[in-house]
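Below is start.txt, which holds compact mmCIF, C-alpha atoms.
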# COMPACT_ATOMS: atom_id res chain seq x y z
CA MET A 1 92.97 126.37 25.18
CA THR A 2 94.50 123.93 27.65
CA ALA A 3 91.63 121.70 28.70
CA GLY A 4 90.92 121.01 32.34
CA ARG A 5 93.29 123.67 33.71
CA ARG A 6 92.18 126.83 35.46
CA PHE A 7 93.04 129.89 33.42
CA ARG A 8 91.57 133.35 33.84
CA GLU A 9 92.51 136.56 32.11
CA LEU A 10 91.77 139.61 34.23
CA LYS A 11 91.74 143.29 33.45
CA PRO A 12 93.55 144.78 36.44
CA ARG A 13 92.08 147.63 38.46
CA VAL A 14 95.26 149.28 39.70
CA ARG A 15 94.48 151.82 42.40
CA PHE A 16 98.01 153.24 42.20
CA ALA A 17 97.46 154.19 38.55
CA GLN A 18 94.09 155.78 39.35
CA LYS A 19 95.47 157.87 42.20
CA ALA A 20 98.66 158.84 40.35
CA ALA A 21 96.61 160.22 37.47
CA ALA A 22 95.03 162.87 39.74
CA PRO A 23 95.68 166.50 38.72
CA GLY A 24 98.69 168.25 40.20
CA GLY A 25 101.23 165.62 39.31
CA ILE A 26 104.92 166.23 38.76
CA GLY A 27 107.23 165.19 35.93
CA VAL A 28 110.39 163.14 36.16
CA ASP A 29 112.81 166.08 36.39
CA GLN A 30 110.93 167.72 39.24
CA ALA A 31 110.57 164.35 41.00
CA VAL A 32 114.30 163.67 40.74
CA ARG A 33 115.13 167.17 42.04
CA GLY A 34 112.74 166.59 44.95
CA ALA A 35 114.34 163.24 45.75
CA GLU A 36 117.87 164.62 45.57
CA ALA A 37 116.96 167.49 47.89
CA ARG A 38 115.60 164.98 50.41
CA LEU A 39 118.67 162.75 50.12
CA ALA A 40 121.30 165.48 50.42
CA PRO A 41 121.20 165.81 54.24
CA LEU A 42 121.73 162.06 54.60
CA MET A 43 124.87 161.80 52.51
CA ASP A 44 127.44 162.14 55.34
CA ARG A 45 125.67 159.39 57.24
CA VAL A 46 125.59 157.20 54.15
CA ALA A 47 129.31 157.67 53.44
CA ALA A 48 130.19 156.81 57.05
CA GLN A 49 127.92 153.76 56.89
CA VAL A 50 129.59 152.49 53.70
CA LEU A 51 133.03 152.69 55.26
CA GLN A 52 131.79 151.01 58.43
CA LEU A 53 130.24 148.18 56.39
CA VAL A 54 133.51 147.74 54.49
CA ASP A 55 135.42 147.52 57.78
CA GLU A 56 132.96 144.91 59.03
CA MET A 57 133.28 142.90 55.81
CA LEU A 58 137.06 142.96 56.03
CA ALA A 59 136.89 141.87 59.66
CA ALA A 60 134.41 139.08 58.87
CA GLY A 61 136.32 137.81 55.84
CA GLY A 62 139.78 138.11 57.33
CA GLY A 63 139.12 136.31 60.60
CA PRO A 64 141.07 133.28 61.87
CA ALA A 65 140.93 130.37 59.44
CA ARG A 66 139.37 128.08 62.04
CA GLN A 67 136.48 130.46 62.57
CA PRO A 68 133.57 129.67 60.22
CA LEU A 69 132.90 132.47 57.76
CA ASP A 70 129.59 134.27 58.29
CA VAL A 71 128.57 134.18 54.62
CA ALA A 72 125.05 135.50 55.24
CA GLY A 73 126.46 138.42 57.21
CA LEU A 74 128.98 139.13 54.47
CA ARG A 75 126.26 138.95 51.80
CA GLY A 76 123.99 141.29 53.78
CA ARG A 77 126.73 143.87 54.21
CA ALA A 78 127.82 143.64 50.58
CA ASP A 79 124.20 144.13 49.56
CA ALA A 80 123.94 147.27 51.70
CA VAL A 81 127.18 148.61 50.23
CA VAL A 82 125.71 148.13 46.74
CA GLY A 83 122.61 150.05 47.78
CA LEU A 84 124.42 152.92 49.45
CA SER A 85 127.83 153.56 47.92
CA ALA A 86 126.91 154.93 44.51
CA ALA A 87 124.73 157.57 46.16
CA VAL A 88 127.79 159.08 47.85
CA GLY A 89 130.19 158.91 44.93
CA LEU A 90 131.88 155.64 45.87
CA PRO A 91 131.06 153.56 42.79
CA GLU A 92 134.22 151.46 43.13
CA PHE A 93 132.92 150.01 46.39
CA GLN A 94 129.60 149.33 44.72
CA SER A 95 131.25 147.40 41.88
CA VAL A 96 133.31 145.21 44.21
CA ALA A 97 130.37 144.57 46.55
CA SER A 98 128.14 143.75 43.63
CA SER A 99 130.67 141.24 42.33
CA LEU A 100 130.93 139.74 45.81
CA CYS A 101 127.13 139.35 45.98
CA ARG A 102 127.20 137.45 42.68
CA LEU A 103 130.10 135.30 43.91
CA ILE A 104 128.15 134.33 47.04
CA ASP A 105 124.86 133.80 45.19
CA ASN A 106 126.51 131.66 42.52
CA ALA A 107 128.08 129.47 45.20
CA ALA A 108 124.47 128.65 46.21
CA GLY A 109 125.32 127.53 49.72
CA GLU A 110 128.54 125.69 48.74
CA ALA A 111 131.86 126.78 50.23
CA LEU A 112 133.17 130.00 48.73
CA ASN A 113 136.34 129.85 46.69
CA PRO A 114 138.85 131.32 49.20
CA ALA A 115 141.02 132.91 46.52
CA ALA A 116 138.04 134.62 44.88
CA LEU A 117 136.88 135.90 48.26
CA THR A 118 140.37 137.17 49.11
CA VAL A 119 140.59 139.08 45.82
CA HIS A 120 137.33 140.88 46.60
CA LEU A 121 138.36 141.74 50.14
CA ASP A 122 141.77 142.92 48.95
CA ALA A 123 140.05 145.19 46.44
CA LEU A 124 137.84 146.66 49.16
CA ARG A 125 140.86 147.17 51.42
CA LEU A 126 142.80 148.87 48.64
CA PHE A 127 139.93 151.25 47.90
CA ARG A 128 139.36 151.98 51.58
CA ASP A 129 143.01 152.79 52.19
CA SER A 130 143.49 154.90 49.05
CA SER A 131 142.86 158.57 48.48
CA PRO A 132 140.05 159.36 46.02
CA GLU A 133 142.67 160.23 43.37
CA VAL A 134 144.57 156.95 43.74
CA ARG A 135 141.27 155.07 43.92
CA ALA A 136 140.14 156.56 40.65
CA GLN A 137 143.49 155.69 39.10
CA VAL A 138 143.64 152.03 40.14
CA ALA A 139 139.92 151.24 39.99
CA PRO A 140 139.68 150.39 36.26
CA SER A 141 142.38 147.69 36.43
CA VAL A 142 141.11 146.25 39.73
CA LEU A 143 137.52 146.09 38.49
CA GLU A 144 138.65 144.62 35.17
CA GLY A 145 140.42 141.91 37.17
CA LEU A 146 137.21 141.12 39.04
CA ARG A 147 135.27 141.00 35.78
CA ARG A 148 137.79 138.54 34.34
CA LEU A 149 137.60 136.46 37.50
CA ALA A 150 133.79 136.35 37.27
CA SER A 151 133.93 135.45 33.60
CA PHE A 152 136.53 132.70 34.26
CA ARG A 153 134.42 131.31 37.11
CA GLY A 154 131.34 131.43 34.88
CA ARG A 155 133.13 129.46 32.17
CA THR A 156 134.46 126.84 34.58
CA ALA A 157 131.00 126.49 36.17
CA ALA A 158 129.44 126.00 32.74
CA ALA A 159 132.05 123.39 31.81
CA ALA A 160 131.58 121.45 35.06
CA MET B 1 117.43 172.24 20.33
CA THR B 2 114.64 170.38 22.04
CA GLY B 3 113.92 166.86 20.83
CA ARG B 4 110.66 165.00 21.20
CA LEU B 5 109.86 164.15 24.80
CA SER B 6 109.84 160.49 25.77
CA ILE B 7 106.76 158.90 27.29
CA VAL B 8 108.37 159.15 30.73
CA GLU B 9 109.16 162.84 30.27
CA GLN B 10 105.61 163.53 29.13
CA THR B 11 103.98 161.78 32.08
CA LYS B 12 103.15 163.50 35.34
CA LEU B 13 102.36 161.54 38.47
CA ASN B 14 100.62 162.66 41.60
CA ILE B 15 101.50 160.23 44.34
CA GLU B 16 100.48 162.42 47.25
CA GLN B 17 97.54 160.15 48.11
CA VAL B 18 99.33 156.93 47.20
CA VAL B 19 100.09 154.59 50.08
CA VAL B 20 103.56 153.15 49.56
CA VAL B 21 105.20 150.41 51.56
CA VAL B 22 108.96 150.01 51.29
CA ALA B 23 110.42 146.83 52.67
CA GLY B 24 113.72 145.17 53.43
CA GLY B 25 117.31 146.24 53.09
CA SER B 26 119.38 147.92 55.79
CA ALA B 27 117.77 150.62 57.94
CA LEU B 28 119.64 153.34 56.08
CA GLU B 29 118.69 151.98 52.65
CA LEU B 30 115.08 151.94 53.78
CA GLU B 31 115.46 155.54 54.89
CA LEU B 32 116.92 156.52 51.49
CA LEU B 33 114.03 154.92 49.69
CA VAL B 34 111.51 156.63 51.95
CA GLN B 35 113.17 159.98 51.28
CA VAL B 36 113.15 159.36 47.52
CA PHE B 37 109.40 158.74 47.63
CA ALA B 38 108.91 161.76 49.87
CA GLY B 39 110.79 163.77 47.25
CA PHE B 40 108.41 162.41 44.62
CA GLY B 41 105.58 163.84 46.70
CA ALA B 42 104.38 160.76 48.60
CA ARG B 43 102.94 161.52 52.01
CA GLN B 44 101.80 158.10 53.12
CA LEU B 45 104.84 155.93 53.52
CA LYS B 46 105.08 152.74 55.50
CA ARG B 47 108.21 150.75 56.28
CA ALA B 48 108.53 147.02 56.72
CA GLU B 49 111.76 145.60 58.03
CA ASN B 50 110.95 141.96 57.39
CA ALA B 51 108.55 139.65 55.60
CA GLN B 52 106.11 139.50 58.53
CA GLN B 53 105.76 143.27 58.66
CA LEU B 54 105.48 143.42 54.90
CA SER B 55 102.78 140.78 54.82
CA ALA B 56 100.82 142.53 57.57
CA ALA B 57 101.05 145.84 55.71
CA VAL B 58 99.99 144.60 52.27
CA MET B 59 97.15 142.44 53.51
CA THR B 60 95.38 145.44 55.09
CA GLY B 61 94.32 146.43 51.59
CA GLU B 62 95.39 150.04 52.15
CA VAL B 63 98.64 149.78 50.22
CA ASP B 64 98.76 151.06 46.62
CA LEU B 65 102.39 150.30 45.80
CA VAL B 66 104.96 147.88 47.20
CA VAL B 67 108.73 148.25 46.84
CA ILE B 68 110.74 145.34 48.21
CA ASP B 69 114.49 145.04 48.61
CA ALA B 70 115.49 141.44 47.90
CA ALA B 71 118.04 141.78 50.70
CA MET B 72 115.21 140.91 53.11
CA GLY B 73 115.49 137.38 51.70
CA LEU B 74 114.31 136.70 48.18
CA ASP B 75 112.29 133.62 49.07
CA ASP B 76 110.45 135.33 51.92
CA ALA B 77 109.82 138.45 49.86
CA LEU B 78 108.42 136.52 46.92
CA GLN B 79 106.27 134.38 49.17
CA VAL B 80 104.55 137.57 50.32
CA VAL B 81 104.05 138.57 46.68
CA ARG B 82 102.54 135.18 45.80
CA THR B 83 100.17 135.42 48.76
CA LEU B 84 99.16 138.94 47.72
CA ARG B 85 98.49 137.78 44.16
CA ARG B 86 96.19 135.02 45.44
CA CYS B 87 93.88 137.50 47.22
CA SER B 88 90.31 137.25 45.99
CA ASP B 89 89.83 141.04 45.77
CA ASP B 90 91.64 143.95 44.11
CA ARG B 91 94.59 143.65 46.47
CA LYS B 92 95.98 141.14 43.99
CA PHE B 93 96.52 143.94 41.47
CA THR B 94 98.81 145.93 43.79
CA PRO B 95 101.98 146.75 41.82
CA VAL B 96 105.19 145.31 43.23
CA VAL B 97 108.70 146.50 42.39
CA LEU B 98 111.62 144.36 43.53
CA THR B 99 115.10 145.84 43.96
CA SER B 100 118.11 143.57 44.02
CA SER B 101 121.89 143.79 44.12
CA ASN B 102 122.18 140.65 41.99
CA VAL B 103 119.87 140.90 39.03
CA SER B 104 120.66 137.61 37.35
CA GLU B 105 118.35 136.10 34.75
CA GLN B 106 117.38 133.53 37.34
CA THR B 107 116.37 136.21 39.86
CA ILE B 108 114.26 138.01 37.27
CA GLU B 109 112.60 134.76 36.18
CA PHE B 110 111.85 133.83 39.78
CA ALA B 111 110.50 137.29 40.56
CA ARG B 112 108.26 137.46 37.48
CA SER B 113 106.95 133.97 38.11
CA SER B 114 105.96 135.09 41.59
CA GLY B 115 103.99 138.04 40.21
CA VAL B 116 106.44 140.93 40.57
CA ASN B 117 105.74 143.75 38.09
CA TYR B 118 109.27 145.10 37.70
CA VAL B 119 112.77 144.31 38.94
CA VAL B 120 115.21 147.19 39.47
CA ALA B 121 118.95 146.75 39.96
CA LYS B 122 120.49 148.36 43.02
CA PRO B 123 121.64 151.03 43.58
CA VAL B 124 118.23 152.47 42.85
CA ALA B 125 118.52 155.84 41.13
CA PRO B 126 115.52 158.16 41.70
CA ARG B 127 115.11 158.64 37.94
CA VAL B 128 114.93 154.90 37.30
CA LEU B 129 112.43 154.44 40.11
CA PHE B 130 110.20 157.24 38.81
CA GLU B 131 110.40 155.72 35.32
CA ARG B 132 109.16 152.39 36.67
CA LEU B 133 106.26 154.17 38.34
CA VAL B 134 105.37 155.65 34.96
CA TRP B 135 105.64 152.20 33.42
CA ILE B 136 103.23 150.84 36.03
CA VAL B 137 100.72 153.60 35.32
CA ARG B 138 100.93 153.01 31.58
CA ASP B 139 101.10 149.24 31.81
CA LYS B 140 98.35 147.66 29.73
CA ARG B 141 99.25 144.07 30.56
CA ALA B 142 96.43 141.81 31.65
CA TYR B 143 96.72 139.74 34.81
CA PHE B 144 96.52 135.98 34.57
CA GLU B 145 95.36 133.49 37.06
CA THR B 146 96.42 129.89 36.57
CA GLU B 147 97.09 126.94 38.80
CA HIS B 148 100.71 127.96 39.38
CA PHE B 149 100.82 131.66 38.60
CA VAL B 150 98.90 134.84 39.32
CA GLY B 151 100.21 138.17 38.17
CA PRO B 152 100.86 140.49 35.28
CA ASP B 153 101.40 138.90 31.88
CA ARG B 154 104.99 137.71 31.76
CA ARG B 155 105.09 138.26 28.02
CA THR B 156 106.24 141.83 27.64
CA ARG B 157 106.94 141.57 23.91
CA PRO B 158 104.26 140.76 21.36
CA LEU B 159 105.83 137.50 20.24
CA GLY B 160 102.71 135.38 20.59
CA PRO B 161 102.46 132.08 22.44
CA PRO B 162 105.47 129.73 22.55
CA ILE B 163 105.94 127.62 19.41
CA GLY B 164 103.76 124.54 19.44
CA VAL B 165 101.48 125.87 22.18
CA ASP B 166 97.94 127.10 21.58
CA GLY B 167 97.43 130.66 22.76
CA ARG B 168 95.25 131.16 25.83
CA ARG B 169 95.07 134.94 25.96
CA SER B 170 92.14 136.76 24.40
CA GLY B 171 94.52 138.60 22.07
CA ASP B 172 96.33 135.48 20.85
CA LEU B 173 95.66 134.65 17.23
CA SER B 174 94.90 131.13 16.14
CA GLY B 175 97.77 129.23 14.57
CA HIS B 176 95.35 127.81 12.00
CA LEU B 177 95.69 129.76 8.77
CA GLY B 178 92.50 128.60 7.05
CA ALA B 179 91.73 128.83 3.36
CA ALA B 180 93.13 131.67 1.28
CA SER B 181 90.63 134.51 0.90
CA GLU B 182 92.42 136.15 -2.07
CA PRO B 183 94.10 134.80 -5.20
CA ASN B 184 97.83 134.05 -5.01
CA MET B 185 100.16 136.97 -5.70
CA SER B 186 102.14 136.90 -8.90
CA GLN B 187 105.95 136.73 -8.78
CA ALA B 188 106.07 140.35 -9.98
CA ASP B 189 103.86 141.41 -7.05
CA ILE B 190 106.11 139.57 -4.62
CA ASP B 191 109.24 141.11 -6.17
CA ALA B 192 107.70 144.53 -5.90
CA LEU B 193 107.15 143.95 -2.19
CA MET B 194 110.65 142.64 -1.58
CA PHE B 195 112.59 145.07 -3.78
CA PRO B 196 110.94 148.48 -3.75
CA VAL B 197 112.07 150.74 -6.55
CA ARG B 198 112.47 154.47 -6.53
CA LYS B 199 110.10 156.32 -8.85
CA ALA B 200 110.01 159.98 -9.77
CA LEU B 201 106.70 161.55 -8.83
Would you kindly transcribe this structure into structure tokens?
Amino acid sequence: MTAGRRFRELKPRVRFAQKAAAPGGIGVDQAVRGAEARLAPLMDRVAAQVLQLVDEMLAAGGGPARQPLDVAGLRGRADAVVGLSAAVGLPEFQSVASSLCRLIDNAAGEALNPAALTVHLDALRLFRDSSPEVRAQVAPSVLEGLRRLASFRGRTAAAA
Amino acid sequence: MTGRLSIVEQTKLNIEQVVVVVAGGSALELELLVQVFAGFGARQLKRAENAQQLSAAVMTGEVDLVVIDAAMGLDDALQVVRTLRRCSDDRKFTPVVLTSSNVSEQTIEFARSSGVNYVVAKPVAPRVLFERLVWIVRDKRAYFETEHFVGPDRRTRPLGPPIGVDGRRSGDLSGHLGAASEPNMSQADIDALMFPVRKAL
């Protein structure tokens, strides 16, 4: 026992667990079916929102060089793309946006590497401008490139 | 062929009377999460768009489950969790699930140290979310209150206290072995333990 320091072990009374144990519950398969039925009517809106967010990211990241980059805005939009795109069958956008979130978070307030940012925006642009068939065809190599970029940046950060 | 059902598949939850607050993220993400919970059967859903609204909601004491999107600002979100965990009543036991688009080790460490129960990577699939709800219901972890931490036990694996540190939990065994209570085993006994042999019965 560590002397002189406050330490208490508590047995939690979790109201959520008590309520959820009430009779009439549903299992995971029924719950997932229920959720999917509720989500279905929203899917068109979600797809449109993803494409709008991508447009906004491309506009924000491709602005005039003298204009300061709105990193927080870019991060917020990328985050939303991660949250929304997989639900509407656009996993390629999710992967790029997810990688961009990590890039921004790892920079921890320092200036973003312009080349790394450009690669992400180019990938988003390519996916946006491609048909689903072409997107599916090129996605593996593009995403592999981003993975290698992240791994390279991770190694150089560790060596620094 | 039907295999054995997992714990999650065996568990049924009734969240009709559960008060859920979902917080953060874009308006549409919030809407998706609300609809997922509605699909699970929840009828009492609250939304919080920012840390102030979240704090106001959880401190009422009416909330049974909190789901926070780290997009609202990780620091702000976790500050609300730390405040909740410092409540003097049962509000401090309210389960908190954090969703994040960047689930780095550092994020998980930070979240757990603030008292978050579970971290879920975005995009949040309904099945994964329901599984975490089952985990919360079946969670047997004690809560700990120390100078710098209040929340569910951060040790999720039974590995005991860190090496060189005396255990503080009631279930921690003493590192002191004490005197032997039985005679030493013979080498043959040890060999029999290490190298089992097949015998015809």
Would you list the residues near (121.2, 146.7, 41.6) (no more than 8 Å away, in the coordinates of the file, using all atoms listed in the file) as a compact mmCIF listing (two decimals) with C-alpha atoms, keeping the file's coordinate frame?
# COMPACT_ATOMS: atom_id res chain seq x y z
CA VAL A 82 125.71 148.13 46.74
CA GLY A 83 122.61 150.05 47.78
CA SER A 98 128.14 143.75 43.63
CA THR B 99 115.10 145.84 43.96
CA SER B 100 118.11 143.57 44.02
CA SER B 101 121.89 143.79 44.12
CA ASN B 102 122.18 140.65 41.99
CA VAL B 103 119.87 140.90 39.03
CA VAL B 120 115.21 147.19 39.47
CA ALA B 121 118.95 146.75 39.96
CA LYS B 122 120.49 148.36 43.02
CA PRO B 123 121.64 151.03 43.58
CA VAL B 124 118.23 152.47 42.85
Could you list the residues in chain B lying within 7 Å of chain A, using only C-alpha atoms, and format the result as an NGL selection string?
:B and (9 or 11-15 or 17-18 or 25-26 or 29 or 32 or 35-40 or 64-65 or 71 or 90 or 93-94 or 101-102 or 122-123 or 126-127 or 130 or 137 or 142-147 or 166-169)
Put those residues in a file: C-alpha atoms, as an mmCIF file, in the coordinates of the input.
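That gives us result36.cif:
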data_model
loop_
_atom_site.group_PDB
_atom_site.id
_atom_site.type_symbol
_atom_site.label_atom_id
_atom_site.label_comp_id
_atom_site.auth_asym_id
_atom_site.auth_seq_id
_atom_site.Cartn_x
_atom_site.Cartn_y
_atom_site.Cartn_z
ATOM 1 C CA GLU B 9 109.160 162.840 30.270
ATOM 2 C CA THR B 11 103.980 161.780 32.080
ATOM 3 C CA LYS B 12 103.150 163.500 35.340
ATOM 4 C CA LEU B 13 102.360 161.540 38.470
ATOM 5 C CA ASN B 14 100.620 162.660 41.600
ATOM 6 C CA ILE B 15 101.500 160.230 44.340
ATOM 7 C CA GLN B 17 97.540 160.150 48.110
ATOM 8 C CA VAL B 18 99.330 156.930 47.200
ATOM 9 C CA GLY B 25 117.310 146.240 53.090
ATOM 10 C CA SER B 26 119.380 147.920 55.790
ATOM 11 C CA GLU B 29 118.690 151.980 52.650
ATOM 12 C CA LEU B 32 116.920 156.520 51.490
ATOM 13 C CA GLN B 35 113.170 159.980 51.280
ATOM 14 C CA VAL B 36 113.150 159.360 47.520
ATOM 15 C CA PHE B 37 109.400 158.740 47.630
ATOM 16 C CA ALA B 38 108.910 161.760 49.870
ATOM 17 C CA GLY B 39 110.790 163.770 47.250
ATOM 18 C CA PHE B 40 108.410 162.410 44.620
ATOM 19 C CA ASP B 64 98.760 151.060 46.620
ATOM 20 C CA LEU B 65 102.390 150.300 45.800
ATOM 21 C CA ALA B 71 118.040 141.780 50.700
ATOM 22 C CA ASP B 90 91.640 143.950 44.110
ATOM 23 C CA PHE B 93 96.520 143.940 41.470
ATOM 24 C CA THR B 94 98.810 145.930 43.790
ATOM 25 C CA SER B 101 121.890 143.790 44.120
ATOM 26 C CA ASN B 102 122.180 140.650 41.990
ATOM 27 C CA LYS B 122 120.490 148.360 43.020
ATOM 28 C CA PRO B 123 121.640 151.030 43.580
ATOM 29 C CA PRO B 126 115.520 158.160 41.700
ATOM 30 C CA ARG B 127 115.110 158.640 37.940
ATOM 31 C CA PHE B 130 110.200 157.240 38.810
ATOM 32 C CA VAL B 137 100.720 153.600 35.320
ATOM 33 C CA ALA B 142 96.430 141.810 31.650
ATOM 34 C CA TYR B 143 96.720 139.740 34.810
ATOM 35 C CA PHE B 144 96.520 135.980 34.570
ATOM 36 C CA GLU B 145 95.360 133.490 37.060
ATOM 37 C CA THR B 146 96.420 129.890 36.570
ATOM 38 C CA GLU B 147 97.090 126.940 38.800
ATOM 39 C CA ASP B 166 97.940 127.100 21.580
ATOM 40 C CA GLY B 167 97.430 130.660 22.760
ATOM 41 C CA ARG B 168 95.250 131.160 25.830
ATOM 42 C CA ARG B 169 95.070 134.940 25.960
#
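When atom CA of Leu124 of chain A is paired with atom CA of Ala48 of chain A, their separation reads 15.0 Å.
Around Tyr118 of chain B, within 8 Å and counting only C-alpha atoms, the residues found are Val96, Val97, Leu98, Arg112 and Arg132 of chain B, once anything fewer than 4 positions away on its own chain is removed.
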Identify, on the basis of only C-alpha atoms, every residue whose closest approach to Lys46 of chain B does not exceed 12 Å; exclude the query and any residue fewer than 5 positions from it along the same chain; express the result as a ChimeraX atom specification.
/B:18-24,30-31,33-35,37-38,53-54,56-58,62-68
How many Å separate atom CA of Phe110 of chain B from atom CA of Asp75 of chain B?
9.3 Å
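Atom to atom, atom CA of Val119 of chain A and atom CA of Val88 of chain A stand 23.8 Å apart.
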Final N, CA, C and O atoms of segment 132-150 of chain A as a compact mmCIF listing (two decimals), in the coordinates of the input:
# COMPACT_ATOMS: atom_id res chain seq x y z
N PRO A 132 140.96 159.40 47.18
CA PRO A 132 140.05 159.36 46.02
C PRO A 132 140.80 159.39 44.69
O PRO A 132 140.40 158.73 43.74
N GLU A 133 141.93 160.13 44.63
CA GLU A 133 142.67 160.23 43.37
C GLU A 133 143.28 158.87 43.00
O GLU A 133 143.16 158.41 41.87
N VAL A 134 143.94 158.27 44.00
CA VAL A 134 144.57 156.95 43.74
C VAL A 134 143.49 155.92 43.42
O VAL A 134 143.64 155.09 42.51
N ARG A 135 142.38 156.01 44.14
CA ARG A 135 141.27 155.07 43.92
C ARG A 135 140.79 155.15 42.47
O ARG A 135 140.62 154.13 41.80
N ALA A 136 140.61 156.38 42.03
CA ALA A 136 140.14 156.56 40.65
C ALA A 136 141.14 156.02 39.64
O ALA A 136 140.77 155.51 38.59
N GLN A 137 142.43 156.14 40.01
CA GLN A 137 143.49 155.69 39.10
C GLN A 137 143.55 154.16 39.00
O GLN A 137 143.70 153.62 37.90
N VAL A 138 143.46 153.49 40.15
CA VAL A 138 143.64 152.03 40.14
C VAL A 138 142.33 151.26 39.88
O VAL A 138 142.37 150.09 39.52
N ALA A 139 141.21 151.95 40.08
CA ALA A 139 139.92 151.24 39.99
C ALA A 139 139.71 150.49 38.67
O ALA A 139 139.31 149.32 38.70
N PRO A 140 139.97 151.11 37.51
CA PRO A 140 139.68 150.39 36.26
C PRO A 140 140.38 149.03 36.17
O PRO A 140 139.76 148.04 35.80
N SER A 141 141.68 148.97 36.56
CA SER A 141 142.38 147.69 36.43
C SER A 141 141.89 146.69 37.47
O SER A 141 141.77 145.49 37.19
N VAL A 142 141.59 147.16 38.68
CA VAL A 142 141.11 146.25 39.73
C VAL A 142 139.74 145.68 39.32
O VAL A 142 139.50 144.47 39.40
N LEU A 143 138.87 146.55 38.85
CA LEU A 143 137.52 146.09 38.49
C LEU A 143 137.55 145.19 37.26
O LEU A 143 136.78 144.24 37.15
N GLU A 144 138.49 145.48 36.35
CA GLU A 144 138.65 144.62 35.17
C GLU A 144 139.10 143.22 35.62
O GLU A 144 138.64 142.20 35.11
N GLY A 145 139.97 143.20 36.62
CA GLY A 145 140.42 141.91 37.17
C GLY A 145 139.26 141.12 37.75
O GLY A 145 139.15 139.91 37.53
N LEU A 146 138.37 141.81 38.46
CA LEU A 146 137.21 141.12 39.04
C LEU A 146 136.27 140.62 37.94
O LEU A 146 135.70 139.54 38.05
N ARG A 147 136.13 141.42 36.90
CA ARG A 147 135.27 141.00 35.78
C ARG A 147 135.84 139.74 35.13
O ARG A 147 135.11 138.81 34.80
N ARG A 148 137.17 139.71 34.97
CA ARG A 148 137.79 138.54 34.34
C ARG A 148 137.66 137.32 35.25
O ARG A 148 137.43 136.20 34.78
N LEU A 149 137.76 137.56 36.55
CA LEU A 149 137.60 136.46 37.50
C LEU A 149 136.18 135.89 37.40
O LEU A 149 135.98 134.68 37.35
N ALA A 150 135.19 136.79 37.35
CA ALA A 150 133.79 136.35 37.27
C ALA A 150 133.55 135.59 35.97
O ALA A 150 132.88 134.56 35.96
